[in-house]
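Student: I'm passing along work_32.tsv; it holds TSV, C-alpha atoms.
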```tsv
chain	number	residue	atom	x	y	z
A	1	MET	CA	-15.99	36.80	-3.40
A	2	VAL	CA	-19.33	38.34	-2.44
A	3	SER	CA	-19.83	42.06	-1.83
A	4	CYS	CA	-22.45	43.43	0.52
A	5	TRP	CA	-23.37	47.00	1.42
A	6	SER	CA	-23.13	47.89	5.07
A	7	GLY	CA	-25.67	50.13	6.69
A	8	ARG	CA	-23.03	52.69	7.69
A	9	GLY	CA	-21.93	55.09	5.01
A	10	GLY	CA	-22.73	52.71	2.18
A	11	LYS	CA	-19.30	51.03	2.23
A	12	ALA	CA	-18.90	47.71	0.51
A	13	VAL	CA	-17.97	44.88	2.84
A	14	SER	CA	-16.31	41.84	1.33
A	15	GLN	CA	-17.05	38.37	2.51
A	16	VAL	CA	-15.21	35.27	1.41
A	17	GLN	CA	-17.48	32.50	0.29
A	18	LYS	CA	-16.48	29.25	2.01
A	19	ARG	CA	-16.62	25.98	0.11
A	20	SER	CA	-18.57	23.44	2.08
A	21	LEU	CA	-17.49	19.81	2.28
A	22	PRO	CA	-19.88	16.88	2.58
A	23	GLU	CA	-20.85	16.11	6.14
A	24	PRO	CA	-19.19	13.12	7.80
A	25	VAL	CA	-21.21	9.91	8.13
A	26	GLU	CA	-23.70	9.63	10.97
A	27	LYS	CA	-22.65	7.36	13.83
A	28	SER	CA	-25.38	4.82	12.93
A	29	VAL	CA	-23.72	3.95	9.58
A	30	GLN	CA	-20.16	3.55	10.80
A	31	PRO	CA	-18.28	0.65	9.18
A	32	SER	CA	-17.15	-2.40	11.07
A	33	GLN	CA	-13.44	-2.91	11.75
A	34	GLN	CA	-13.44	-5.71	9.14
A	35	GLU	CA	-14.91	-3.37	6.50
A	36	VAL	CA	-12.24	-0.76	7.25
A	37	GLN	CA	-9.54	-3.45	6.97
A	38	ASP	CA	-11.02	-4.57	3.62
A	39	VAL	CA	-10.80	-1.01	2.26
A	40	LEU	CA	-7.24	-0.59	3.54
A	41	GLN	CA	-6.31	-3.84	1.77
A	42	GLN	CA	-7.90	-2.59	-1.46
A	43	LEU	CA	-5.88	0.62	-1.20
A	44	ARG	CA	-2.65	-1.34	-0.60
A	45	GLU	CA	-3.28	-3.36	-3.76
A	46	ILE	CA	-3.75	-0.37	-6.08
A	47	PRO	CA	-0.82	-0.47	-8.50
A	48	CYS	CA	0.73	2.99	-8.57
A	49	THR	CA	4.04	4.78	-8.50
A	50	PRO	CA	4.88	6.01	-5.96
A	51	GLN	CA	3.51	3.13	-3.88
A	52	PHE	CA	0.31	3.98	-1.98
A	53	ARG	CA	1.08	4.52	1.73
A	54	LEU	CA	-1.60	4.08	4.39
A	55	ASN	CA	-0.67	7.12	6.41
A	56	TRP	CA	-2.45	8.63	9.40
A	57	GLU	CA	-4.52	11.00	7.26
A	58	ILE	CA	-5.88	8.11	5.17
A	59	GLN	CA	-6.92	6.20	8.26
A	60	GLN	CA	-8.55	9.28	9.80
A	61	THR	CA	-10.51	9.94	6.58
A	62	LEU	CA	-12.11	6.52	6.19
A	63	LYS	CA	-14.77	6.49	8.90
A	64	PRO	CA	-16.02	10.11	8.70
A	65	TYR	CA	-16.44	9.89	4.91
A	66	TRP	CA	-17.32	6.21	4.65
A	67	GLN	CA	-20.15	6.81	2.15
A	68	ASN	CA	-17.64	8.35	-0.29
A	69	ILE	CA	-15.06	5.53	-0.20
A	70	PRO	CA	-16.27	3.52	-3.24
A	71	GLY	CA	-16.35	6.62	-5.45
A	72	ALA	CA	-12.99	7.83	-4.13
A	73	ILE	CA	-11.32	4.48	-4.88
A	74	ALA	CA	-12.80	4.45	-8.38
A	75	TYR	CA	-11.76	8.11	-8.86
A	76	LEU	CA	-8.17	7.33	-7.83
A	77	LYS	CA	-8.00	4.25	-10.09
A	78	GLU	CA	-9.30	6.28	-13.03
A	79	ALA	CA	-6.82	9.09	-12.35
A	80	LEU	CA	-3.96	6.57	-12.31
A	81	ARG	CA	-5.25	4.74	-15.39
A	82	THR	CA	-5.72	7.87	-17.49
A	83	GLY	CA	-2.34	9.28	-16.53
A	84	LYS	CA	-3.51	12.54	-14.98
A	85	GLY	CA	-0.08	13.07	-13.43
A	86	VAL	CA	-0.83	11.83	-9.91
A	87	LYS	CA	2.12	12.82	-7.73
A	88	SER	CA	0.52	11.75	-4.45
A	89	PRO	CA	-2.12	9.01	-4.68
A	90	GLU	CA	-2.81	9.50	-0.96
A	91	ALA	CA	-3.70	13.16	-1.47
A	92	VAL	CA	-5.94	12.34	-4.44
A	93	PHE	CA	-7.77	9.72	-2.37
A	94	VAL	CA	-8.25	11.98	0.68
A	95	VAL	CA	-9.57	14.88	-1.41
A	96	ALA	CA	-11.87	12.53	-3.34
A	97	CYS	CA	-13.27	11.19	-0.05
A	98	LYS	CA	-13.81	14.60	1.51
A	99	GLU	CA	-15.33	16.18	-1.61
A	100	GLY	CA	-17.33	13.13	-2.68
A	101	ARG	CA	-15.60	12.92	-6.07
A	102	LYS	CA	-16.45	10.12	-8.45
A	103	PRO	CA	-14.79	9.09	-11.70
A	104	GLU	CA	-15.98	10.64	-14.93
A	105	SER	CA	-16.41	7.20	-16.46
A	106	ALA	CA	-18.89	6.21	-13.75
A	107	GLN	CA	-21.82	8.01	-15.35
A	108	VAL	CA	-24.36	5.42	-14.31
A	109	LYS	CA	-27.99	5.42	-15.40
A	110	SER	CA	-30.32	6.35	-12.53
A	111	ALA	CA	-31.87	2.87	-12.21
A	112	VAL	CA	-28.45	1.23	-11.86
A	113	LYS	CA	-27.32	3.94	-9.46
A	114	ASP	CA	-30.42	3.50	-7.32
A	115	TRP	CA	-29.87	-0.25	-7.23
A	116	PHE	CA	-26.21	0.17	-6.28
A	117	GLU	CA	-27.04	2.58	-3.43
A	118	TRP	CA	-29.62	0.09	-2.11
A	119	ALA	CA	-27.17	-2.84	-2.42
A	120	TYR	CA	-24.40	-0.80	-0.73
A	121	LYS	CA	-26.65	0.05	2.22
A	122	GLN	CA	-27.54	-3.64	2.49
A	123	ARG	CA	-23.78	-4.37	2.43
A	124	ILE	CA	-24.18	-6.60	-0.61
A	125	VAL	CA	-21.66	-4.62	-2.68
A	126	ILE	CA	-18.61	-2.65	-1.57
A	127	ALA	CA	-17.67	-0.59	-4.65
A	128	MET	CA	-18.45	0.16	-8.27
A	129	SER	CA	-16.16	1.35	-11.03
A	130	GLY	CA	-17.64	1.93	-14.45
A	131	GLU	CA	-19.64	-1.22	-15.23
A	132	VAL	CA	-17.91	-3.37	-12.61
A	133	VAL	CA	-19.48	-4.00	-9.20
A	134	TYR	CA	-17.32	-5.32	-6.36
A	135	THR	CA	-18.99	-7.57	-3.80
A	136	ARG	CA	-18.08	-9.70	-0.79
A	137	LEU	CA	-18.73	-13.38	-1.37
A	138	GLY	CA	-19.23	-15.84	1.43
A	139	GLY	CA	-18.61	-15.21	5.10
A	140	GLY	CA	-15.23	-14.95	6.80
A	141	GLY	CA	-11.96	-15.56	5.02
A	142	GLY	CA	-8.83	-13.48	4.71
A	143	VAL	CA	-8.79	-9.72	4.38
A	144	GLY	CA	-10.05	-8.99	0.90
A	145	GLY	CA	-9.71	-12.68	0.09
A	146	ASN	CA	-13.35	-13.17	-0.88
A	147	ASP	CA	-13.75	-10.05	-2.97
A	148	ALA	CA	-15.14	-10.57	-6.44
A	149	ALA	CA	-15.82	-8.37	-9.41
A	150	VAL	CA	-19.02	-8.77	-11.37
A	151	SER	CA	-19.17	-7.14	-14.80
A	152	GLY	CA	-22.29	-6.12	-16.66
A	153	ASP	CA	-20.96	-7.78	-19.86
```
Mind turning the file's structure into structure tokens?

Tutor:
Amino acid sequence: MVSCWSGRGGKAVSQVQKRSLPEPVEKSVQPSQQEVQDVLQQLREIPCTPQFRLNWEIQQTLKPYWQNIPGAIAYLKEALRTGKGVKSPEAVFVVACKEGRKPESAQVKSAVKDWFEWAYKQRIVIAMSGEVVYTRLGGGGGVGGNDAAVSGD
């Protein structure tokens, strides 16, 4: 809450401070249909109870917040792994996408982070969680069938 003084009679006028969300992705960096399908497949495969449902809100969140997807997936996996009492994995994912949340464990050194951002823009990698980088190997193949995890160990 922010208070301001009006010019008339010195009365305080209250204004509610709005929380801004990250801007949606520019049209030039929109994902391909195959990339969207790959992410949807990743979400389907996340082991959680209740089972993750690919509802309308999930599908409408992917493209506008595409740059936040890797962090949101990692955030959701960490929340499920650490037992933070996730009642709705879909809601956690949508909020993480819209707010650009990333897992606490993904405190990456700046050089590694810079490399990952470059590799992501080049579409070499698709996600990172902790010290694990997820990449697409080869060309075509089934949805998510060529995904691989590369660990720093």

Student: To one decimal in Å, tell me the separation between atom CA of Pro89 of chain A and atom CA of Lys102 of chain A.

Tutor: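 Computed distance, atom CA of Pro89 of chain A to atom CA of Lys102 of chain A, equals 14.9 Å.
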
Student: Taking 4 positions as the minimum chain separation for residues in the same chain, which residues sit within 10 Å of Thr49 of chain A when counting all atoms listed in the file? Answer as a VMD selection string.

Tutor: chain A and resid 80 86 to 89

Student: Could you write those residues out with C-alpha atoms, as a PDB file, in the coordinates of the input?

Tutor:
```
ATOM      1  CA  LEU A  80      -3.960   6.570 -12.310  1.00  0.00           C
ATOM      2  CA  VAL A  86      -0.830  11.830  -9.910  1.00  0.00           C
ATOM      3  CA  LYS A  87       2.120  12.820  -7.730  1.00  0.00           C
ATOM      4  CA  SER A  88       0.520  11.750  -4.450  1.00  0.00           C
ATOM      5  CA  PRO A  89      -2.120   9.010  -4.680  1.00  0.00           C
TER       6      PRO A  89
END
```

Student: I need the residue nearest Gly130 of chain A from this list: A:Ile46, A:Ala74, A:Val29, A:Val95. Use all atoms listed in the file for the distance.

Tutor: A:Ala74

Student: Have a look at atom CA of Glu131 of chain A and atom CA of Leu40 of chain A and let me know their distance in Å, one decimal.

Tutor: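 Distance reported for this atom pair: 22.5 Å.
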
Student: Can you pull out every residue within 10 Å of Ala79 of chain A, counting all atoms listed in the file, but drop anything in the same chain fewer than 6 positions away, and send it as a list in words?

Tutor: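 My list of contacting residues is Ile73, Gly85, Val86, Pro89, Val92, Pro103 and Glu104 of chain A.
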
Student: Keeping C-alpha atoms for every residue in the selection just given, could you write it to a file as an mmCIF file, in the frame of the given file?

Tutor:
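Saved result, result_30.cif, follows:
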```cif
data_model
loop_
_atom_site.group_PDB
_atom_site.id
_atom_site.type_symbol
_atom_site.label_atom_id
_atom_site.label_comp_id
_atom_site.auth_asym_id
_atom_site.auth_seq_id
_atom_site.Cartn_x
_atom_site.Cartn_y
_atom_site.Cartn_z
ATOM 1 C CA ILE A 73 -11.320 4.480 -4.880
ATOM 2 C CA GLY A 85 -0.080 13.070 -13.430
ATOM 3 C CA VAL A 86 -0.830 11.830 -9.910
ATOM 4 C CA PRO A 89 -2.120 9.010 -4.680
ATOM 5 C CA VAL A 92 -5.940 12.340 -4.440
ATOM 6 C CA PRO A 103 -14.790 9.090 -11.700
ATOM 7 C CA GLU A 104 -15.980 10.640 -14.930
#
```

Student: So the first atom is atom CA of Pro31 of chain A and the second is atom CA of Gln51 of chain A; what is the distance between them in Å, to one decimal place?

Tutor: 25.5 Å

Student: Which of these residues is nearest to Arg123 of chain A, using all atoms listed in the file: A:Gln41, A:Arg81, A:Arg53, A:Ser32?

Tutor: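 Looking at the shortest contact to Arg123 of chain A, the residue is A:Ser32.
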